[in-house]
$ cat upload-v4.csv   # CSV, C-alpha atoms
chain,number,residue,atom,x,y,z
A,1,MET,CA,83.5,104.1,65.8
A,2,THR,CA,82.9,101.5,68.5
A,3,VAL,CA,83.5,102.3,72.1
A,4,ASP,CA,84.6,99.6,74.5
A,5,ALA,CA,82.6,100.3,77.7
A,6,THR,CA,85.0,98.3,79.8
A,7,ALA,CA,88.0,100.3,78.6
A,8,SER,CA,86.9,103.4,80.5
A,9,LEU,CA,86.6,101.4,83.7
A,10,ALA,CA,89.8,99.5,83.5
A,11,PRO,CA,92.4,102.3,84.2
A,12,PRO,CA,91.1,103.3,87.7
A,13,ARG,CA,90.7,99.7,88.7
A,14,ARG,CA,94.2,99.0,87.6
A,15,ASN,CA,95.6,102.0,89.4
A,16,LEU,CA,93.7,101.2,92.6
A,17,HIS,CA,95.0,97.7,92.6
A,18,ARG,CA,98.6,98.7,91.8
A,19,PHE,CA,99.3,99.1,95.6
A,20,ALA,CA,97.2,96.1,96.6
A,21,ASN,CA,100.2,93.8,96.2
A,22,PRO,CA,101.4,93.4,99.8
A,23,GLY,CA,105.1,93.3,98.8
A,24,ARG,CA,104.8,96.5,96.8
A,25,PHE,CA,102.8,98.2,99.5
A,26,LEU,CA,105.4,97.2,102.2
A,27,ARG,CA,108.3,98.6,100.1
A,28,LEU,CA,106.4,101.9,99.3
A,29,ALA,CA,105.3,102.3,103.0
A,30,GLY,CA,108.7,101.6,104.3
A,31,ALA,CA,110.2,104.3,102.0
A,32,VAL,CA,107.6,106.9,102.9
A,33,LEU,CA,107.3,106.2,106.6
A,34,PRO,CA,110.5,107.9,107.8
A,35,TYR,CA,109.6,111.1,106.0
A,36,LEU,CA,106.1,111.2,107.4
A,37,ALA,CA,107.4,110.5,110.9
A,38,VAL,CA,110.3,113.0,110.9
A,39,GLY,CA,108.3,115.7,109.1
A,40,GLY,CA,105.3,115.3,111.4
A,41,LEU,CA,107.5,115.3,114.5
A,42,VAL,CA,109.4,118.5,113.5
A,43,LEU,CA,106.4,120.4,112.3
A,44,SER,CA,104.3,119.5,115.4
A,45,ALA,CA,107.2,120.4,117.7
A,46,ILE,CA,107.7,123.8,116.0
A,47,GLY,CA,103.9,124.5,116.1
A,48,LEU,CA,103.4,123.5,119.7
A,49,VAL,CA,106.4,125.5,121.0
A,50,TRP,CA,105.5,128.5,118.9
A,51,GLY,CA,101.9,128.3,120.1
A,52,LEU,CA,102.8,127.8,123.8
A,53,PHE,CA,105.6,130.4,124.1
A,54,PHE,CA,105.7,132.8,121.2
A,55,SER,CA,102.1,133.4,119.9
A,56,PRO,CA,100.1,136.2,121.6
A,57,ALA,CA,97.4,135.6,124.1
A,58,ASP,CA,93.9,136.4,123.0
A,59,TRP,CA,92.4,139.7,124.2
A,60,GLN,CA,89.3,137.9,125.5
A,61,GLN,CA,90.4,134.3,126.2
A,62,GLY,CA,93.8,135.1,127.5
A,63,ASP,CA,96.3,132.2,127.5
A,64,ALA,CA,93.4,129.7,127.3
A,65,VAL,CA,93.5,130.3,123.5
A,66,ARG,CA,96.7,128.2,123.4
A,67,ILE,CA,94.6,125.1,123.9
A,68,MET,CA,93.5,125.7,120.3
A,69,TYR,CA,96.9,124.5,119.0
A,70,VAL,CA,96.1,121.0,120.2
A,71,HIS,CA,92.3,121.1,119.9
A,72,VAL,CA,91.9,122.2,116.3
A,73,PRO,CA,94.3,119.7,114.7
A,74,ALA,CA,92.7,116.9,116.8
A,75,ALA,CA,89.2,118.0,115.6
A,76,TRP,CA,90.4,118.1,112.0
A,77,LEU,CA,92.0,114.7,112.2
A,78,ALA,CA,88.9,113.3,113.9
A,79,SER,CA,86.8,114.2,110.8
A,80,ALA,CA,89.5,113.4,108.3
A,81,GLY,CA,90.2,110.0,109.8
A,82,TYR,CA,86.5,109.1,109.6
A,83,ALA,CA,86.4,110.4,106.0
A,84,GLY,CA,89.4,108.1,105.3
A,85,ILE,CA,87.5,105.1,106.8
A,86,ALA,CA,84.5,106.0,104.6
A,87,ALA,CA,86.7,106.2,101.5
A,88,CYS,CA,88.3,102.8,102.4
A,89,SER,CA,84.8,101.4,102.8
A,90,VAL,CA,83.8,102.6,99.3
A,91,ALA,CA,87.0,101.0,97.9
A,92,SER,CA,86.3,97.8,99.7
A,93,LEU,CA,82.6,97.5,98.8
A,94,VAL,CA,82.8,98.7,95.2
A,95,TRP,CA,86.3,97.6,94.0
A,96,ARG,CA,87.1,94.9,96.6
A,97,HIS,CA,90.4,96.5,97.2
A,98,PRO,CA,92.4,94.0,99.3
A,99,LEU,CA,94.1,96.6,101.5
A,100,ALA,CA,91.0,98.9,102.0
A,101,ASP,CA,89.5,96.7,104.8
A,102,LEU,CA,92.8,96.6,106.6
A,103,ALA,CA,93.3,100.3,106.2
A,104,ALA,CA,89.9,101.1,107.6
A,105,GLN,CA,90.5,98.8,110.6
A,106,GLU,CA,93.8,100.4,111.3
A,107,ILE,CA,92.6,104.0,111.0
A,108,GLY,CA,89.7,103.4,113.5
A,109,PRO,CA,91.6,103.3,116.8
A,110,VAL,CA,93.9,106.2,115.9
A,111,GLY,CA,90.9,108.3,114.8
A,112,ALA,CA,89.0,107.5,118.0
A,113,GLY,CA,92.1,108.5,120.0
A,114,PHE,CA,92.3,111.9,118.2
A,115,THR,CA,88.6,112.4,118.6
A,116,ALA,CA,89.0,111.8,122.4
A,117,VAL,CA,91.8,114.3,122.5
A,118,CYS,CA,89.5,116.8,120.7
A,119,LEU,CA,86.7,116.2,123.1
A,120,VAL,CA,88.8,116.4,126.2
A,121,THR,CA,90.8,119.5,125.2
A,122,GLY,CA,87.5,121.1,124.2
A,123,SER,CA,86.3,120.4,127.8
A,124,LEU,CA,89.5,121.8,129.2
A,125,TRP,CA,88.9,125.0,127.2
A,126,GLY,CA,85.1,125.1,128.0
A,127,LYS,CA,85.5,125.0,131.8
A,128,PRO,CA,87.4,128.3,132.1
A,129,MET,CA,85.6,130.0,129.2
A,130,TRP,CA,82.0,128.8,129.5
A,131,GLY,CA,82.1,127.7,133.2
A,132,ALA,CA,81.1,124.2,132.2
A,133,TRP,CA,83.0,121.0,131.2
A,134,TRP,CA,80.3,120.0,128.8
A,135,VAL,CA,77.2,121.5,127.1
A,136,TRP,CA,74.8,119.7,124.8
A,137,ASP,CA,75.7,122.0,122.0
A,138,ALA,CA,75.2,120.9,118.3
A,139,ARG,CA,79.0,120.9,117.5
A,140,LEU,CA,80.0,119.1,120.7
A,141,THR,CA,77.2,116.5,120.5
A,142,SER,CA,77.9,115.7,116.8
A,143,VAL,CA,81.6,115.2,117.6
A,144,LEU,CA,80.6,112.9,120.5
A,145,VAL,CA,78.4,110.9,118.1
A,146,LEU,CA,81.5,110.7,115.8
A,147,PHE,CA,83.5,109.2,118.7
A,148,PHE,CA,80.7,106.6,119.3
A,149,LEU,CA,80.7,105.8,115.6
A,150,TYR,CA,84.5,105.2,115.8
A,151,LEU,CA,83.9,102.8,118.8
A,152,GLY,CA,81.1,101.1,117.0
A,153,HIS,CA,83.2,100.6,113.9
A,154,ILE,CA,86.1,99.1,115.9
A,155,ALA,CA,83.7,96.8,117.8
A,156,LEU,CA,81.7,95.7,114.8
A,157,ILE,CA,84.8,94.6,112.8
A,158,ARG,CA,85.8,92.4,115.7
A,159,ALA,CA,82.3,91.1,116.4
A,160,PHE,CA,82.3,88.3,113.8
A,161,ASP,CA,84.2,85.0,113.6
A,162,ASN,CA,84.6,85.5,109.9
A,163,PRO,CA,86.7,88.7,109.5
A,164,GLU,CA,85.3,89.3,106.0
A,165,ARG,CA,81.8,89.6,107.4
A,166,GLY,CA,83.1,92.0,110.1
A,167,TYR,CA,84.8,94.1,107.4
A,168,ARG,CA,81.5,94.3,105.3
A,169,ALA,CA,79.5,95.3,108.4
A,170,GLY,CA,82.1,97.9,109.4
A,171,ALA,CA,82.2,99.3,105.9
A,172,ILE,CA,78.4,99.8,105.8
A,173,LEU,CA,78.4,101.4,109.3
A,174,ALA,CA,81.2,103.7,108.2
A,175,LEU,CA,79.3,104.8,105.1
A,176,VAL,CA,76.1,105.4,107.0
A,177,GLY,CA,78.0,107.2,109.8
A,178,ALA,CA,79.7,109.5,107.3
A,179,VAL,CA,76.5,111.6,107.3
A,180,ASP,CA,77.8,112.9,110.6
A,181,LEU,CA,80.7,114.7,109.0
A,182,PRO,CA,78.8,117.5,107.2
A,183,ILE,CA,76.6,117.8,110.4
A,184,ILE,CA,79.8,118.5,112.4
A,185,LYS,CA,81.1,120.9,109.8
A,186,PHE,CA,77.9,122.9,109.4
A,187,SER,CA,76.5,122.5,112.9
A,188,VAL,CA,77.7,126.0,113.8
A,189,ASP,CA,75.9,127.5,110.8
A,190,TRP,CA,72.7,125.5,111.0
A,191,TRP,CA,72.0,126.0,114.7
A,192,HIS,CA,72.7,128.7,117.2
A,193,THR,CA,75.6,127.1,119.1
A,194,LEU,CA,77.7,128.1,122.1
A,195,HIS,CA,80.7,126.8,120.1
A,196,GLN,CA,82.3,129.6,118.0
A,197,GLY,CA,81.7,129.7,114.2
A,198,ASN,CA,84.0,128.5,111.5
A,199,THR,CA,87.3,130.4,111.5
A,200,PHE,CA,88.3,129.0,108.0
A,201,SER,CA,86.3,128.9,104.8
A,202,LEU,CA,87.1,128.1,101.2
A,203,THR,CA,85.9,131.5,99.9
A,204,GLY,CA,87.0,134.0,102.5
A,205,ALA,CA,90.1,135.0,104.5
A,206,PRO,CA,90.6,133.3,107.9
A,207,HIS,CA,89.1,135.2,110.9
A,208,MET,CA,92.4,134.9,112.9
A,209,TYR,CA,95.4,137.1,113.5
A,210,ILE,CA,98.4,135.9,111.4
A,211,SER,CA,100.7,135.3,114.4
A,212,MET,CA,98.2,132.8,115.7
A,213,LEU,CA,97.5,131.3,112.3
A,214,TRP,CA,101.0,130.2,111.6
A,215,PRO,CA,101.5,128.0,114.7
A,216,LEU,CA,98.1,126.5,114.1
A,217,LEU,CA,99.0,125.7,110.5
A,218,PHE,CA,102.2,124.1,111.7
A,219,THR,CA,100.5,121.9,114.3
A,220,THR,CA,97.7,121.0,111.9
A,221,LEU,CA,100.1,119.9,109.2
A,222,GLY,CA,102.5,118.2,111.7
A,223,TYR,CA,99.7,116.3,113.4
A,224,SER,CA,98.3,115.2,110.0
A,225,LEU,CA,101.7,113.8,109.1
A,226,VAL,CA,102.0,112.1,112.5
A,227,PHE,CA,98.5,110.6,112.0
A,228,ALA,CA,99.5,109.4,108.5
A,229,ALA,CA,102.8,107.9,109.9
A,230,ILE,CA,101.0,106.0,112.7
A,231,VAL,CA,98.4,104.6,110.3
A,232,THR,CA,101.0,103.6,107.7
A,233,ALA,CA,103.1,101.8,110.4
A,234,ARG,CA,100.0,100.0,111.8
A,235,LEU,CA,99.0,99.1,108.2
A,236,ARG,CA,102.5,97.7,107.5
A,237,ALA,CA,102.3,95.7,110.7
A,238,ALA,CA,98.8,94.4,109.7
A,239,VAL,CA,100.0,93.3,106.3
A,240,MET,CA,102.9,91.5,107.8
A,241,GLU,CA,100.7,89.8,110.4
A,242,ARG,CA,98.3,88.7,107.7
A,243,ARG,CA,101.2,87.1,105.8
A,244,ILE,CA,102.4,85.4,109.0
A,245,ARG,CA,99.0,83.9,109.6
A,246,ALA,CA,98.9,82.7,106.0
A,247,LEU,CA,102.3,81.1,106.2
A,248,LEU,CA,101.5,79.4,109.5
A,249,LEU,CA,98.2,78.1,108.1
A,250,ALA,CA,100.0,76.8,105.1
A,251,ARG,CA,102.5,74.9,107.3
A,252,VAL,CA,99.6,73.4,109.3
A,253,ASP,CA,98.0,72.3,106.1
A,254,GLU,CA,101.3,70.8,104.8
A,255,ARG,CA,101.8,68.9,108.1
A,256,GLY,CA,98.2,67.6,107.9
A,257,VAL,CA,98.8,66.2,104.3
A,258,GLU,CA,102.1,64.6,105.4
A,259,GLU,CA,100.5,62.9,108.3
A,260,ARG,CA,97.7,61.6,106.2
A,261,VAL,CA,100.2,60.3,103.6
A,262,ALA,CA,102.2,58.6,106.4
A,263,ALA,CA,99.1,57.0,107.9
B,264,MET,CA,92.2,133.3,136.8
B,265,THR,CA,95.2,131.2,135.7
B,266,PHE,CA,94.7,129.0,132.7
B,267,LEU,CA,98.0,127.2,133.2
B,268,PRO,CA,96.6,123.8,134.4
B,269,TYR,CA,94.1,123.7,131.5
B,270,VAL,CA,96.8,124.6,128.9
B,271,ALA,CA,99.3,122.1,130.5
B,272,ALA,CA,96.7,119.3,130.6
B,273,SER,CA,95.8,119.9,126.9
B,274,TYR,CA,99.4,120.0,125.8
B,275,THR,CA,100.2,116.8,127.8
B,276,LEU,CA,97.3,115.0,126.1
B,277,GLY,CA,98.3,116.4,122.7
B,278,VAL,CA,101.8,114.9,123.1
B,279,VAL,CA,101.1,111.7,125.1
B,280,VAL,CA,98.3,110.3,123.0
B,281,PRO,CA,100.0,110.5,119.6
B,282,ALA,CA,103.3,109.4,121.1
B,283,GLY,CA,101.6,106.4,122.7
B,284,PHE,CA,100.0,105.4,119.4
B,285,ALA,CA,103.3,105.9,117.5
B,286,LEU,CA,105.3,103.8,120.0
B,287,ALA,CA,102.7,101.0,120.0
B,288,ALA,CA,102.6,101.1,116.1
B,289,TRP,CA,106.4,101.0,115.9
B,290,ARG,CA,106.7,98.1,118.4
B,291,ARG,CA,104.0,96.2,116.6
B,292,MET,CA,105.7,96.8,113.2
B,293,ARG,CA,109.1,95.7,114.6
B,294,GLY,CA,107.6,92.5,116.2
B,295,ALA,CA,105.7,91.6,113.0
B,296,SER,CA,108.8,92.2,110.9
B,297,ALA,CA,110.9,89.9,113.2
B,298,ARG,CA,108.3,87.1,113.2
B,299,LEU,CA,107.9,87.3,109.5
B,300,ALA,CA,111.7,87.2,108.9
B,301,ALA,CA,111.8,84.1,111.0
B,302,ILE,CA,109.2,82.1,109.1
B,303,ASP,CA,109.0,83.5,105.6
B,304,PRO,CA,110.8,81.2,103.1
B,305,ARG,CA,111.1,84.0,100.5
B,306,ARG,CA,112.9,86.2,102.9
B,307,ALA,CA,115.2,83.4,104.0
B,308,ARG,CA,116.0,82.7,100.3
B,309,ARG,CA,116.7,86.4,99.7
B,310,ALA,CA,118.9,86.6,102.8
B,311,ALA,CA,120.8,83.4,101.7
B,312,ALA,CA,121.3,84.8,98.2
B,313,ALA,CA,122.5,88.1,99.6
B,314,ALA,CA,125.0,86.2,101.9
B,315,ASP,CA,126.2,84.2,98.9
B,316,ALA,CA,126.7,87.4,96.9
B,317,ARG,CA,128.7,88.9,99.8
B,318,GLY,CA,130.8,85.8,100.1
B,319,ARG,CA,131.6,85.7,96.4
B,320,ALA,CA,132.5,89.4,96.5
B,321,GLU,CA,134.9,88.8,99.4
B,322,ASP,CA,136.5,85.8,97.7
B,323,ARG,CA,137.3,87.8,94.6
B,324,PRO,CA,140.9,88.9,94.4

$ encode --input "upload-v4.csv" --output "structure tokens"
Amino acid sequence: MTVDATASLAPPRRNLHRFANPGRFLRLAGAVLPYLAVGGLVLSAIGLVWGLFFSPADWQQGDAVRIMYVHVPAAWLASAGYAGIAACSVASLVWRHPLADLAAQEIGPVGAGFTAVCLVTGSLWGKPMWGAWWVWDARLTSVLVLFFLYLGHIALIRAFDNPERGYRAGAILALVGAVDLPIIKFSVDWWHTLHQGNTFSLTGAPHMYISMLWPLLFTTLGYSLVFAAIVTARLRAAVMERRIRALLLARVDERGVEERVAA
Amino acid sequence: MTFLPYVAASYTLGVVVPAGFALAAWRRMRGASARLAAIDPRRARRAAAAADARGRAEDRP
């Protein structure tokens, strides 16, 4: 029996490139976007109101624990957003997926924004709890490094005259910077940090009272959908802008040919 | 000690930042869609075909 080596590679490539067609992507994104936006808005609103008015105060932290309902989803999306950029970078460098570079470019500013929210809300919690706006703790420092990685990625993509070179450089930076993600996750286990340990793990029950856990799950899921909606909308806009540029360039080329023929 | 200013500032940030990004993305998408509709020949052909079809449907007894 003979085995075609290329056959095993073909299906994933075909699947990955199924949504590379801009028209197909725009149709799919246009259909999904309202559900993401409305779902995210509703879940976030429920979670925030629940966390602010109906969940109990912590016996040690008091009402300051309510900051967690904004801080934790922002922290999760800071890491998830960068993981998304790293995944897009793999798709770009390995499979040359046409939309992967655009997706990485559009995730960057949104991820940086949520990382900033995570850092600032962490400071707002740290001041009343620790007595300091900032400490050079392993968790805090690794998230600050993530924020700088986001800024570096955004700047590097725009630093080249040729966008393709910017995308390549950004993809390499994103893959190298992805090493920060496990450091963030395990920093509280590897070092003695002021930041509290992990509340959630894959193998054990969460170390949180159920009446605090539910609003946190709502805000986390809601913010995730809002993040996805924002990125989808930005990516739709970017795909349309690319087509506009292509059409305008084609018109300029046509005019140039006509002028040469007339001359 | 009251934690209200810290909680209020956190919630404000948690609402304003995503809302700002969402609004900017929506405006950018609307703008790009309008510009593309104005110059894309394929969209113009599709719109013309749709208008023809509507006209034929209205003419039918």

$ closest_atom_pairs --input "upload-v4.csv" --of "chain A" --to "chain B" --cutoff "8 Å" --atoms "only C-alpha atoms" --output "JSON lines"
{"residue": "A:Asp63", "atom": "CA", "partner": "B:Phe266", "partner_atom": "CA", "distance": 6.3}
{"residue": "A:Ala64", "atom": "CA", "partner": "B:Phe266", "partner_atom": "CA", "distance": 5.6}
{"residue": "A:Arg66", "atom": "CA", "partner": "B:Val270", "partner_atom": "CA", "distance": 6.6}
{"residue": "A:Ile67", "atom": "CA", "partner": "B:Val270", "partner_atom": "CA", "distance": 5.5}
{"residue": "A:Val70", "atom": "CA", "partner": "B:Gly277", "partner_atom": "CA", "distance": 5.7}
{"residue": "A:His71", "atom": "CA", "partner": "B:Ser273", "partner_atom": "CA", "distance": 7.9}
{"residue": "A:Val110", "atom": "CA", "partner": "B:Phe284", "partner_atom": "CA", "distance": 7.1}
{"residue": "A:Gly113", "atom": "CA", "partner": "B:Val280", "partner_atom": "CA", "distance": 7.1}
{"residue": "A:Phe114", "atom": "CA", "partner": "B:Val280", "partner_atom": "CA", "distance": 7.8}
{"residue": "A:Val117", "atom": "CA", "partner": "B:Leu276", "partner_atom": "CA", "distance": 6.6}
{"residue": "A:Val120", "atom": "CA", "partner": "B:Ser273", "partner_atom": "CA", "distance": 7.9}
{"residue": "A:Thr121", "atom": "CA", "partner": "B:Ser273", "partner_atom": "CA", "distance": 5.3}
{"residue": "A:Leu124", "atom": "CA", "partner": "B:Tyr269", "partner_atom": "CA", "distance": 5.5}
{"residue": "A:Trp125", "atom": "CA", "partner": "B:Tyr269", "partner_atom": "CA", "distance": 6.9}
{"residue": "A:Pro128", "atom": "CA", "partner": "B:Phe266", "partner_atom": "CA", "distance": 7.4}
{"residue": "A:Val226", "atom": "CA", "partner": "B:Pro281", "partner_atom": "CA", "distance": 7.5}
{"residue": "A:Phe227", "atom": "CA", "partner": "B:Pro281", "partner_atom": "CA", "distance": 7.7}
{"residue": "A:Ala229", "atom": "CA", "partner": "B:Ala285", "partner_atom": "CA", "distance": 7.9}
{"residue": "A:Ile230", "atom": "CA", "partner": "B:Ala285", "partner_atom": "CA", "distance": 5.3}
{"residue": "A:Val231", "atom": "CA", "partner": "B:Ala288", "partner_atom": "CA", "distance": 8.0}
{"residue": "A:Ala233", "atom": "CA", "partner": "B:Ala288", "partner_atom": "CA", "distance": 5.8}
{"residue": "A:Arg234", "atom": "CA", "partner": "B:Ala288", "partner_atom": "CA", "distance": 5.1}
{"residue": "A:Arg236", "atom": "CA", "partner": "B:Met292", "partner_atom": "CA", "distance": 6.6}
{"residue": "A:Ala237", "atom": "CA", "partner": "B:Met292", "partner_atom": "CA", "distance": 4.4}
{"residue": "A:Met240", "atom": "CA", "partner": "B:Ala295", "partner_atom": "CA", "distance": 5.9}
{"residue": "A:Glu241", "atom": "CA", "partner": "B:Ala295", "partner_atom": "CA", "distance": 5.9}
{"residue": "A:Arg243", "atom": "CA", "partner": "B:Leu299", "partner_atom": "CA", "distance": 7.7}
{"residue": "A:Ile244", "atom": "CA", "partner": "B:Leu299", "partner_atom": "CA", "distance": 5.8}
{"residue": "A:Leu247", "atom": "CA", "partner": "B:Asp303", "partner_atom": "CA", "distance": 7.1}

$ closest_residue --input "upload-v4.csv" --among "A:Ile46, A:Val239, A:Met208, A:Ala116" --to "Leu102 (chain A)" --atoms "all atoms listed in the file"
A:Val239

$ residues_around --input "upload-v4.csv" --residues "Thr115 (chain A)" --least-positions-apart "5" --cutoff "10 Å" --atoms "only C-alpha atoms" --output "PyMOL selection string"
chain A and resi 71+74-79+81-82+109-110+120-121+143-144+146-148+150

$ atom_distance --input "upload-v4.csv" --atom1 "CA of Glu254 (chain A)" --atom2 "CA of Phe160 (chain A)"
27.4 Å

$ closest_atom_pairs --input "upload-v4.csv" --of "region 134-164 of chain A" --to "region 183-192 of chain A" --cutoff "10 Å" --atoms "only C-alpha atoms" --output "JSON lines"
{"residue": "A:Asp137", "atom": "CA", "partner": "A:His192", "partner_atom": "CA", "distance": 8.8}
{"residue": "A:Ala138", "atom": "CA", "partner": "A:Ser187", "partner_atom": "CA", "distance": 5.8}
{"residue": "A:Arg139", "atom": "CA", "partner": "A:Ser187", "partner_atom": "CA", "distance": 5.5}
{"residue": "A:Leu140", "atom": "CA", "partner": "A:Ile184", "partner_atom": "CA", "distance": 8.3}
{"residue": "A:Thr141", "atom": "CA", "partner": "A:Ile184", "partner_atom": "CA", "distance": 8.7}
{"residue": "A:Ser142", "atom": "CA", "partner": "A:Ile184", "partner_atom": "CA", "distance": 5.6}
{"residue": "A:Val143", "atom": "CA", "partner": "A:Ile184", "partner_atom": "CA", "distance": 6.4}
{"residue": "A:Leu144", "atom": "CA", "partner": "A:Ile184", "partner_atom": "CA", "distance": 9.9}
{"residue": "A:Val145", "atom": "CA", "partner": "A:Ile184", "partner_atom": "CA", "distance": 9.6}
{"residue": "A:Leu146", "atom": "CA", "partner": "A:Ile184", "partner_atom": "CA", "distance": 8.7}

$ axis_aligned_box --input "upload-v4.csv" --around "region 195-199 of chain A" --padding-each-side "4 Å" --output "JSON"
{"center_x": 84.0, "center_y": 128.6, "center_z": 115.8, "size_x": 14.6, "size_y": 11.6, "size_z": 16.6}

$ residues_around --input "upload-v4.csv" --residues "Tyr35 (chain A)" --least-positions-apart "5" --cutoff "10 Å" --atoms "all atoms listed in the file" --output "count of residues only"
5

$ atom_distance --input "upload-v4.csv" --atom1 "CA of Leu43 (chain A)" --atom2 "CA of Ala205 (chain A)"
23.2 Å

$ residues_around --input "upload-v4.csv" --residues "Ala104 (chain A)" --least-positions-apart "2" --cutoff "9 Å" --atoms "all atoms listed in the file" --output "PDB file with C-alpha atoms, in the coordinates of the input"
ATOM      1  CA  TYR A  82      86.500 109.100 109.600  1.00  0.00           C
ATOM      2  CA  GLY A  84      89.400 108.100 105.300  1.00  0.00           C
ATOM      3  CA  ILE A  85      87.500 105.100 106.800  1.00  0.00           C
ATOM      4  CA  ALA A  86      84.500 106.000 104.600  1.00  0.00           C
ATOM      5  CA  ALA A  87      86.700 106.200 101.500  1.00  0.00           C
ATOM      6  CA  CYS A  88      88.300 102.800 102.400  1.00  0.00           C
ATOM      7  CA  SER A  89      84.800 101.400 102.800  1.00  0.00           C
ATOM      8  CA  LEU A  99      94.100  96.600 101.500  1.00  0.00           C
ATOM      9  CA  ALA A 100      91.000  98.900 102.000  1.00  0.00           C
ATOM     10  CA  ASP A 101      89.500  96.700 104.800  1.00  0.00           C
ATOM     11  CA  LEU A 102      92.800  96.600 106.600  1.00  0.00           C
ATOM     12  CA  GLU A 106      93.800 100.400 111.300  1.00  0.00           C
ATOM     13  CA  ILE A 107      92.600 104.000 111.000  1.00  0.00           C
ATOM     14  CA  GLY A 108      89.700 103.400 113.500  1.00  0.00           C
ATOM     15  CA  TYR A 167      84.800  94.100 107.400  1.00  0.00           C
ATOM     16  CA  GLY A 170      82.100  97.900 109.400  1.00  0.00           C
ATOM     17  CA  ALA A 171      82.200  99.300 105.900  1.00  0.00           C
TER      18      ALA A 171
END

$ atom_distance --input "upload-v4.csv" --atom1 "CA of Leu216 (chain A)" --atom2 "CA of Trp136 (chain A)"
26.5 Å

$ build_atoms --input "upload-v4.csv" --residues "region 307-324 of chain B" --atoms "N, CA and C atoms" --output "compact mmCIF listing (two decimals), in the coordinates of the input"
# COMPACT_ATOMS: atom_id res chain seq x y z
N ALA B 307 113.99 84.19 103.65
CA ALA B 307 115.20 83.40 104.00
C ALA B 307 115.98 83.12 102.70
N ARG B 308 115.26 82.87 101.57
CA ARG B 308 116.00 82.70 100.30
C ARG B 308 116.74 83.91 99.90
N ARG B 309 116.05 85.09 100.05
CA ARG B 309 116.70 86.40 99.70
C ARG B 309 117.90 86.63 100.57
N ALA B 310 117.77 86.33 101.86
CA ALA B 310 118.90 86.60 102.80
C ALA B 310 120.06 85.65 102.43
N ALA B 311 119.73 84.39 102.08
CA ALA B 311 120.80 83.40 101.70
C ALA B 311 121.49 83.89 100.43
N ALA B 312 120.69 84.36 99.47
CA ALA B 312 121.30 84.80 98.20
C ALA B 312 122.18 86.04 98.46
N ALA B 313 121.73 86.94 99.33
CA ALA B 313 122.50 88.10 99.60
C ALA B 313 123.84 87.72 100.32
N ALA B 314 123.76 86.72 101.23
CA ALA B 314 125.00 86.20 101.90
C ALA B 314 125.92 85.59 100.94
N ASP B 315 125.38 84.82 99.96
CA ASP B 315 126.20 84.20 98.90
C ASP B 315 126.94 85.25 98.11
N ALA B 316 126.16 86.29 97.73
CA ALA B 316 126.70 87.40 96.90
C ALA B 316 127.86 88.06 97.66
N ARG B 317 127.64 88.28 98.95
CA ARG B 317 128.70 88.90 99.80
C ARG B 317 129.92 88.05 99.85
N GLY B 318 129.69 86.74 100.03
CA GLY B 318 130.80 85.80 100.10
C GLY B 318 131.61 85.75 98.86
N ARG B 319 130.89 85.75 97.71
CA ARG B 319 131.60 85.70 96.40
C ARG B 319 132.41 86.98 96.22
N ALA B 320 131.84 88.11 96.62
CA ALA B 320 132.50 89.40 96.50
C ALA B 320 133.81 89.43 97.34
N GLU B 321 133.73 88.82 98.53
CA GLU B 321 134.90 88.80 99.40
C GLU B 321 135.99 87.86 98.89
N ASP B 322 135.56 86.74 98.21
CA ASP B 322 136.50 85.80 97.70
C ASP B 322 137.29 86.30 96.49
N ARG B 323 136.64 87.28 95.79
CA ARG B 323 137.30 87.80 94.60
C ARG B 323 138.59 88.50 94.92
N PRO B 324 139.64 88.28 94.12
CA PRO B 324 140.90 88.90 94.40
C PRO B 324 140.88 90.45 94.16
